[in-house]
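Trainee: So here's start-v3.pdb, just PDB, C-alpha atoms, pLDDT in the B column:
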ATOM      1  CA  MET A   1     120.552  78.788 108.079  1.00 38.00           C
ATOM      2  CA  ALA A   2     119.164  75.311 108.472  1.00 42.00           C
ATOM      3  CA  GLY A   3     121.414  73.982 105.707  1.00 48.00           C
ATOM      4  CA  LEU A   4     120.140  71.439 103.238  1.00 53.00           C
ATOM      5  CA  GLY A   5     123.668  70.762 102.111  1.00 52.00           C
ATOM      6  CA  SER A   6     123.439  72.155  98.616  1.00 57.00           C
ATOM      7  CA  ASP A   7     126.286  74.149  97.105  1.00 67.00           C
ATOM      8  CA  ALA A   8     123.704  75.923  94.961  1.00 83.00           C
ATOM      9  CA  GLN A   9     121.844  77.574  97.848  1.00 91.00           C
ATOM     10  CA  LEU A  10     121.929  81.367  97.846  1.00 94.00           C
ATOM     11  CA  PHE A  11     119.428  82.066 100.612  1.00 96.00           C
ATOM     12  CA  GLU A  12     117.514  80.048 103.190  1.00 96.00           C
ATOM     13  CA  ASP A  13     115.240  81.148 106.032  1.00 97.00           C
ATOM     14  CA  ASN A  14     112.029  80.464 107.941  1.00 98.00           C
ATOM     15  CA  PHE A  15     109.124  82.891 107.633  1.00 98.00           C
ATOM     16  CA  ARG A  16     105.746  83.487 109.238  1.00 98.00           C
ATOM     17  CA  VAL A  17     102.943  84.789 107.016  1.00 97.00           C
ATOM     18  CA  HIS A  18     101.412  87.874 108.627  1.00 96.00           C
ATOM     19  CA  LYS A  19      99.135  89.110 105.852  1.00 94.00           C
ATOM     20  CA  LEU A  20      97.488  88.117 102.591  1.00 92.00           C
ATOM     21  CA  SER A  21      96.472  90.845 100.174  1.00 87.00           C
ATOM     22  CA  ASP A  22      92.968  91.358  98.872  1.00 75.00           C
ATOM     23  CA  LYS A  23      92.246  89.024  95.997  1.00 73.00           C
ATOM     24  CA  LYS A  24      92.889  90.539  92.585  1.00 76.00           C
ATOM     25  CA  TYR A  25      93.275  87.282  90.680  1.00 80.00           C
ATOM     26  CA  ASP A  26      91.465  83.944  90.994  1.00 83.00           C
ATOM     27  CA  ARG A  27      94.482  81.725  91.542  1.00 89.00           C
ATOM     28  CA  VAL A  28      97.063  84.088  93.016  1.00 93.00           C
ATOM     29  CA  ASP A  29      97.539  85.347  96.561  1.00 93.00           C
ATOM     30  CA  ARG A  30     100.125  87.920  97.562  1.00 95.00           C
ATOM     31  CA  ILE A  31     101.598  86.907 100.884  1.00 96.00           C
ATOM     32  CA  TYR A  32     103.596  89.082 103.265  1.00 97.00           C
ATOM     33  CA  ALA A  33     105.908  87.298 105.675  1.00 98.00           C
ATOM     34  CA  THR A  34     108.691  88.040 108.158  1.00 98.00           C
ATOM     35  CA  SER A  35     111.667  85.864 109.032  1.00 98.00           C
ATOM     36  CA  GLU A  36     111.965  84.312 112.492  1.00 96.00           C
ATOM     37  CA  ASP A  37     114.749  86.726 113.449  1.00 96.00           C
ATOM     38  CA  LYS A  38     112.641  89.659 112.114  1.00 97.00           C
ATOM     39  CA  SER A  39     115.503  90.840 109.883  1.00 96.00           C
ATOM     40  CA  THR A  40     114.033  89.816 106.522  1.00 97.00           C
ATOM     41  CA  GLU A  41     110.679  90.562 104.880  1.00 97.00           C
ATOM     42  CA  ILE A  42     109.195  88.969 101.785  1.00 98.00           C
ATOM     43  CA  THR A  43     106.294  89.782  99.553  1.00 97.00           C
ATOM     44  CA  LEU A  44     105.433  86.851  97.303  1.00 97.00           C
ATOM     45  CA  ASP A  45     102.771  86.141  94.684  1.00 96.00           C
ATOM     46  CA  ILE A  46     101.884  82.477  95.046  1.00 95.00           C
ATOM     47  CA  ASN A  47      99.541  80.130  93.147  1.00 93.00           C
ATOM     48  CA  ASN A  48      96.891  79.423  95.782  1.00 92.00           C
ATOM     49  CA  GLU A  49      95.617  76.309  93.990  1.00 93.00           C
ATOM     50  CA  LEU A  50      99.023  74.664  94.200  1.00 94.00           C
ATOM     51  CA  PHE A  51     100.072  76.047  97.584  1.00 95.00           C
ATOM     52  CA  PRO A  52      97.297  77.703  99.608  1.00 93.00           C
ATOM     53  CA  CYS A  53      98.529  79.921 102.461  1.00 94.00           C
ATOM     54  CA  LYS A  54      96.855  81.644 105.366  1.00 93.00           C
ATOM     55  CA  ASP A  55      97.783  84.180 108.002  1.00 94.00           C
ATOM     56  CA  GLY A  56     100.043  82.558 110.599  1.00 95.00           C
ATOM     57  CA  ASP A  57     101.482  79.861 108.311  1.00 96.00           C
ATOM     58  CA  GLU A  58     105.138  79.065 108.943  1.00 97.00           C
ATOM     59  CA  LEU A  59     107.164  78.523 105.778  1.00 98.00           C
ATOM     60  CA  HIS A  60     110.696  77.407 105.004  1.00 98.00           C
ATOM     61  CA  MET A  61     112.100  79.085 101.867  1.00 97.00           C
ATOM     62  CA  VAL A  62     115.217  78.543  99.808  1.00 96.00           C
ATOM     63  CA  LEU A  63     116.617  80.339  96.757  1.00 97.00           C
ATOM     64  CA  ALA A  64     119.039  78.173  94.770  1.00 95.00           C
ATOM     65  CA  THR A  65     120.777  78.292  91.392  1.00 93.00           C
ATOM     66  CA  SER A  66     120.373  74.550  90.849  1.00 91.00           C
ATOM     67  CA  LEU A  67     118.240  71.733  92.191  1.00 89.00           C
ATOM     68  CA  HIS A  68     121.243  69.388  92.316  1.00 84.00           C
ATOM     69  CA  TYR A  69     122.787  68.884  95.746  1.00 79.00           C
ATOM     70  CA  ASP A  70     126.306  69.238  94.367  1.00 77.00           C
ATOM     71  CA  GLY A  71     125.440  72.619  92.836  1.00 76.00           C
ATOM     72  CA  SER A  72     125.956  71.439  89.256  1.00 79.00           C
ATOM     73  CA  LYS A  73     123.975  73.326  86.675  1.00 75.00           C
ATOM     74  CA  ASP A  74     120.796  71.802  85.380  1.00 65.00           C
ATOM     75  CA  ASP A  75     121.066  70.233  81.955  1.00 61.00           C
ATOM     76  CA  GLU A  76     118.384  70.591  79.299  1.00 54.00           C
ATOM     77  CA  ARG A  77     115.951  68.549  81.374  1.00 52.00           C
ATOM     78  CA  GLY A  78     113.804  70.564  83.750  1.00 56.00           C
ATOM     79  CA  TRP A  79     113.101  69.432  87.288  1.00 50.00           C
ATOM     80  CA  ARG A  80     109.697  68.076  86.225  1.00 55.00           C
ATOM     81  CA  ASP A  81     111.323  65.916  83.542  1.00 56.00           C
ATOM     82  CA  VAL A  82     113.453  64.152  86.141  1.00 48.00           C
ATOM     83  CA  ALA A  83     110.348  63.286  88.154  1.00 50.00           C
ATOM     84  CA  LYS A  84     108.383  62.108  85.092  1.00 53.00           C
ATOM     85  CA  THR A  85     111.024  59.706  83.858  1.00 49.00           C
ATOM     86  CA  GLY A  86     111.120  57.943  87.199  1.00 54.00           C
ATOM     87  CA  ALA A  87     114.838  58.610  87.454  1.00 56.00           C
ATOM     88  CA  SER A  88     116.272  57.793  90.842  1.00 61.00           C
ATOM     89  CA  GLU A  89     118.080  61.132  90.909  1.00 74.00           C
ATOM     90  CA  SER A  90     117.174  63.037  94.061  1.00 84.00           C
ATOM     91  CA  THR A  91     116.984  66.839  93.939  1.00 86.00           C
ATOM     92  CA  LEU A  92     116.247  69.704  96.319  1.00 87.00           C
ATOM     93  CA  ALA A  93     112.732  69.858  94.840  1.00 91.00           C
ATOM     94  CA  ASP A  94     111.933  66.491  96.457  1.00 92.00           C
ATOM     95  CA  GLN A  95     111.993  68.161  99.877  1.00 92.00           C
ATOM     96  CA  PHE A  96     109.619  71.017  99.027  1.00 95.00           C
ATOM     97  CA  ASP A  97     105.931  71.492  98.228  1.00 95.00           C
ATOM     98  CA  TYR A  98     106.164  74.494  95.900  1.00 96.00           C
ATOM     99  CA  VAL A  99     108.926  75.112  93.340  1.00 96.00           C
ATOM    100  CA  CYS A 100     109.243  78.021  90.880  1.00 95.00           C
ATOM    101  CA  TYR A 101     111.935  79.075  88.435  1.00 95.00           C
ATOM    102  CA  GLY A 102     112.589  82.735  87.743  1.00 96.00           C
ATOM    103  CA  LYS A 103     115.071  85.562  87.618  1.00 97.00           C
ATOM    104  CA  ILE A 104     116.471  87.988  90.147  1.00 97.00           C
ATOM    105  CA  TYR A 105     116.260  91.089  87.996  1.00 97.00           C
ATOM    106  CA  LYS A 106     116.827  94.153  90.180  1.00 97.00           C
ATOM    107  CA  PHE A 107     118.264  95.396  93.465  1.00 96.00           C
ATOM    108  CA  GLU A 108     117.658  98.572  95.469  1.00 95.00           C
ATOM    109  CA  ASP A 109     119.503  99.903  98.498  1.00 93.00           C
ATOM    110  CA  GLY A 110     117.385 100.254 101.618  1.00 86.00           C
ATOM    111  CA  GLU A 111     116.626 103.681 103.043  1.00 84.00           C
ATOM    112  CA  ASP A 112     118.634 102.924 106.173  1.00 84.00           C
ATOM    113  CA  GLY A 113     121.810 102.044 104.258  1.00 86.00           C
ATOM    114  CA  GLN A 114     121.986  98.649 105.992  1.00 92.00           C
ATOM    115  CA  THR A 115     119.465  96.714 103.915  1.00 95.00           C
ATOM    116  CA  ILE A 116     118.962  95.708 100.309  1.00 96.00           C
ATOM    117  CA  LYS A 117     115.834  94.814  98.367  1.00 96.00           C
ATOM    118  CA  ALA A 118     115.923  92.109  95.693  1.00 97.00           C
ATOM    119  CA  TYR A 119     113.210  91.747  93.046  1.00 98.00           C
ATOM    120  CA  ILE A 120     112.507  88.345  91.502  1.00 98.00           C
ATOM    121  CA  SER A 121     110.019  87.330  88.811  1.00 98.00           C
ATOM    122  CA  PHE A 122     108.724  83.789  88.428  1.00 97.00           C
ATOM    123  CA  GLY A 123     106.898  83.994  85.117  1.00 93.00           C
ATOM    124  CA  GLY A 124     104.862  86.990  86.247  1.00 92.00           C
ATOM    125  CA  LEU A 125     104.509  85.954  89.877  1.00 95.00           C
ATOM    126  CA  LEU A 126     106.626  88.493  91.722  1.00 96.00           C
ATOM    127  CA  MET A 127     108.698  88.385  94.881  1.00 98.00           C
ATOM    128  CA  SER A 128     110.547  91.047  96.798  1.00 98.00           C
ATOM    129  CA  LEU A 129     113.025  90.183  99.502  1.00 97.00           C
ATOM    130  CA  VAL A 130     114.251  92.864 101.918  1.00 97.00           C
ATOM    131  CA  GLY A 131     116.980  92.196 104.440  1.00 97.00           C
ATOM    132  CA  PRO A 132     120.441  93.057 105.698  1.00 96.00           C
ATOM    133  CA  TYR A 133     123.293  93.158 103.183  1.00 94.00           C
ATOM    134  CA  LYS A 134     125.089  90.441 105.123  1.00 93.00           C
ATOM    135  CA  LYS A 135     122.199  87.999 104.712  1.00 94.00           C
ATOM    136  CA  LEU A 136     121.503  88.770 101.037  1.00 95.00           C
ATOM    137  CA  THR A 137     125.102  89.129  99.791  1.00 92.00           C
ATOM    138  CA  PRO A 138     125.020  85.859  97.777  1.00 93.00           C
ATOM    139  CA  LEU A 139     122.169  87.166  95.598  1.00 96.00           C
ATOM    140  CA  ARG A 140     122.926  88.658  92.186  1.00 95.00           C
ATOM    141  CA  VAL A 141     121.120  89.103  88.881  1.00 96.00           C
ATOM    142  CA  GLU A 142     120.656  85.492  87.724  1.00 95.00           C
ATOM    143  CA  TYR A 143     118.126  82.701  87.290  1.00 95.00           C
ATOM    144  CA  VAL A 144     117.052  80.959  90.506  1.00 95.00           C
ATOM    145  CA  TYR A 145     114.691  78.382  91.914  1.00 96.00           C
ATOM    146  CA  LEU A 146     112.339  79.285  94.753  1.00 97.00           C
ATOM    147  CA  LEU A 147     111.555  76.304  96.959  1.00 97.00           C
ATOM    148  CA  VAL A 148     108.908  76.527  99.698  1.00 97.00           C
ATOM    149  CA  ARG A 149     107.502  74.084 102.240  1.00 97.00           C
ATOM    150  CA  ARG A 150     105.472  74.340 105.391  1.00 95.00           C
ATOM    151  CA  ARG A 151     107.286  73.982 108.689  1.00 91.00           C
TER     152      ARG A 151
END
As a first step, turn the structure in this file into structure tokens.

Mentor:
Amino acid sequence: MAGLGSDAQLFEDNFRVHKLSDKKYDRVDRIYATSEDKSTEITLDINNELFPCKDGDELHMVLATSLHYDGSKDDERGWRDVAKTGASESTLADQFDYVCYGKIYKFEDGEDGQTIKAYISFGGLLMSLVGPYKKLTPLRVEYVYLLVRRR
């Protein structure tokens, strides 16, 4: 992992988009991407007005429980509130172009017995993450931030 230095990070990897699904909704694309080491696959619904993607895009993705570098839990203020108030507090979100908040809600064992599939919902935008147990061990049913930027 590239390591952004946050204690709150659960997962981090680089992906290449290899497919976009046929459009079903005006502002949502479903992207399919594979990690650089080919061990992890994601399917992600993404708001194409906020973060347009195309086949071949290289993305850096992080799942984290907090946006604070020290891993402390977020208080009642959301990450947007920090930015609006002009506070000098720096967060993980400052380094990314697309940030969502959602819940890891389900896991399934892979057919090969070596992989696991995690399901995450970001207010109706869905993500599935399939990879080796070793890489996805930190994930559990909880609320997380998805942070994405282009490489």

Trainee: Looking at A:Leu63, A:Ala118, A:Phe51, A:Arg150, which one is nearest to Phe11 in chain A, with distances taken over all atoms listed in the file?

Mentor: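 Nearest to Phe11 in chain A: A:Leu63.
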
Trainee: Restricting the calculation to all atoms listed in the file: of A:Pro52, A:Lys117, A:Leu126, A:Ala8, which residue gets closest to Asp70 in chain A?

Mentor: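 Checking each of A:Pro52, A:Lys117, A:Leu126, A:Ala8 against Asp70 in chain A, counting all atoms listed in the file, the winner is A:Ala8.
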
Trainee: Any chance you could resolve the PyMOL selection byres ((chain A and resi 99-106) around 9) against this file and give the residues as a VMD selection string?

Mentor: chain A and resid 93 96 to 98 107 to 108 117 to 125 139 to 148

Trainee: What separation in Å, quoted to one decimal, exists between CA of Ile116 in chain A and CA of Glu36 in chain A?

Mentor: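 The value is 18.1 Å.
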
Trainee: Find the residue from A:Asp13, A:Asp109, A:Asp45, A:Asp37 that sits nearest to Tyr133 in chain A; use all atoms listed in the file when measuring.

Mentor: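 Smallest separation from Tyr133 in chain A among the options: A:Asp109.
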
Trainee: Report the distance between CA of Leu67 in chain A and CA of Leu10 in chain A in Å, rounded to one decimal place.

Mentor: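 The value is 11.8 Å.
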
Trainee: Tell me, as a JSON list (two decimals) with C-alpha atoms, in the frame of the given file, which residues lie within 12 Å of Ser72 in chain A, counting only C-alpha atoms; anything in the same chain fewer than 4 positions away does not count.

Mentor:
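Saved file around-v9.json follows:
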[["chain", "number", "residue", "atom", "x", "y", "z"],
["A", 6, "SER", "CA", 123.44, 72.16, 98.62],
["A", 7, "ASP", "CA", 126.29, 74.15, 97.10],
["A", 8, "ALA", "CA", 123.70, 75.92, 94.96],
["A", 9, "GLN", "CA", 121.84, 77.57, 97.85],
["A", 64, "ALA", "CA", 119.04, 78.17, 94.77],
["A", 65, "THR", "CA", 120.78, 78.29, 91.39],
["A", 66, "SER", "CA", 120.37, 74.55, 90.85],
["A", 67, "LEU", "CA", 118.24, 71.73, 92.19],
["A", 68, "HIS", "CA", 121.24, 69.39, 92.32],
["A", 91, "THR", "CA", 116.98, 66.84, 93.94]]

Trainee: Which protein, DNA or RNA residues have an atom at most 12 Å from (119.7, 97.1, 103.2), counting all atoms listed in the file? List them as a list of chain:residue names.

Mentor: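 Protein and nucleic acid residues near the point are A:Ser39, A:Thr40, A:Glu41, A:Phe107, A:Glu108, A:Asp109, A:Gly110, A:Glu111, A:Asp112, A:Gly113, A:Gln114, A:Thr115, A:Ile116, A:Lys117, A:Ala118, A:Leu129, A:Val130, A:Gly131, A:Pro132, A:Tyr133, A:Lys134, A:Lys135, A:Leu136, A:Thr137.
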
Trainee: Distance CA of Ile42 in chain A-CA of Arg16 in chain A, one decimal place?

Mentor: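 Between these atoms lies a distance of 9.9 Å.
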
Trainee: Please expand the PyMOL selection byres ((chain A and resi 18) around 9) into the concrete residues it hits in this file, giving the result as number ranges by chain.

Mentor: A: 16-17, 19-20, 31-34, 54-57

Trainee: I would like the residues chosen by the PyMOL selection byres ((chain A and resi 59) around 6) on the shown file; could you give them as a PyMOL selection string?

Mentor: chain A and resi 14-15+58+60+149-151

Trainee: Any chance you could export the current selection's C-alpha atoms as a PDB file, in the coordinates of the input?

Mentor:
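As written to disk, out-v1.pdb reads:
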ATOM      1  CA  ASN A  14     112.029  80.464 107.941  1.00 98.00           C
ATOM      2  CA  PHE A  15     109.124  82.891 107.633  1.00 98.00           C
ATOM      3  CA  GLU A  58     105.138  79.065 108.943  1.00 97.00           C
ATOM      4  CA  HIS A  60     110.696  77.407 105.004  1.00 98.00           C
ATOM      5  CA  ARG A 149     107.502  74.084 102.240  1.00 97.00           C
ATOM      6  CA  ARG A 150     105.472  74.340 105.391  1.00 95.00           C
ATOM      7  CA  ARG A 151     107.286  73.982 108.689  1.00 91.00           C
TER       8      ARG A 151
END

Trainee: Would you list the contacts of Asp29 in chain A as a PyMOL selection string, taking every protein, DNA or RNA residue within 7 Å and counting only C-alpha atoms, but skipping same-chain residues closer than 4 positions in sequence?

Mentor: chain A and resi 20-21+23+45-48
